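Contents: one structure, followed by commentary.
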Amino acid sequence: GGKGVSTAGGTWLMLVPAPVFLITVGLWALLVLGTRYVSLAVLIAFGVGTLWMLGLVGARLIDPLYSIYVLCVSSMVYVRHSENIRALLNGCERRLGERAKA
């Protein structure tokens with residue numbers, strides 16, 4: 001843990017439209033329940049939320065400055081999860097509830 005996702009999610013809660021936040025959190029929960037990969041759920045939820053926000057900016061429904069914000073936050077989340085991404089690709093990422101190998 002400790003990759004800043006809670007802080008990033010908290011800023012999303014305050015800055016993005018409620019439907020974007022609620023649906024991305026719901027998507028995250030469904031993915032965790034379905035796969036038990038927390039990191040995969042985080043990456044997909046932030047990716048979907050980022051694309052959604054960029055779509056809202058493109059449709060001129062929200063201020064274009066939000067695109068800078070969402071791209072920066074999502075980039076930080078993906079950079080911080082680079083080890084998890086490698087582990088997912090190599091098939092050795094731990095699932096929720098699994099013990100670490102000694």
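Labeling convention for the structure tokens: chains A, B, ... as they appear, residues from 1 per chain, ligands from 1 in order of appearance.
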
Run DSSP on the backbone and tell me which residues of chain A come out as alpha helix (DSSP H); list them as a PyMOL selection string.
chain A and resi 5-15+18-35+38-58+65-80+82-90

Pick out the residues sitting within 12 Å of A:Ile85, and hand them over as a count of residues only; count only C-alpha atoms, and ignore anything fewer than 5 positions along from it in its own chain.
17

For A:Ser6, find every residue with an atom within 12 Å (counting only C-alpha atoms), except residues of its own chain fewer than 2 positions away, and show them as a PyMOL selection string.
chain A and resi 1-4+8-13+25+42+46+73+77

Which residue is closest to A:Leu56? Choose from A:Val16, A:Gly26, A:Ala87, A:Val32 and count only C-alpha atoms.
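With only C-alpha atoms as the atom set, the closest residue is A:Val16.
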
Of A:Val20, A:Met76, A:Leu96, A:Leu15, the one sitting nearest A:Gly34 when using only C-alpha atoms is A:Leu96
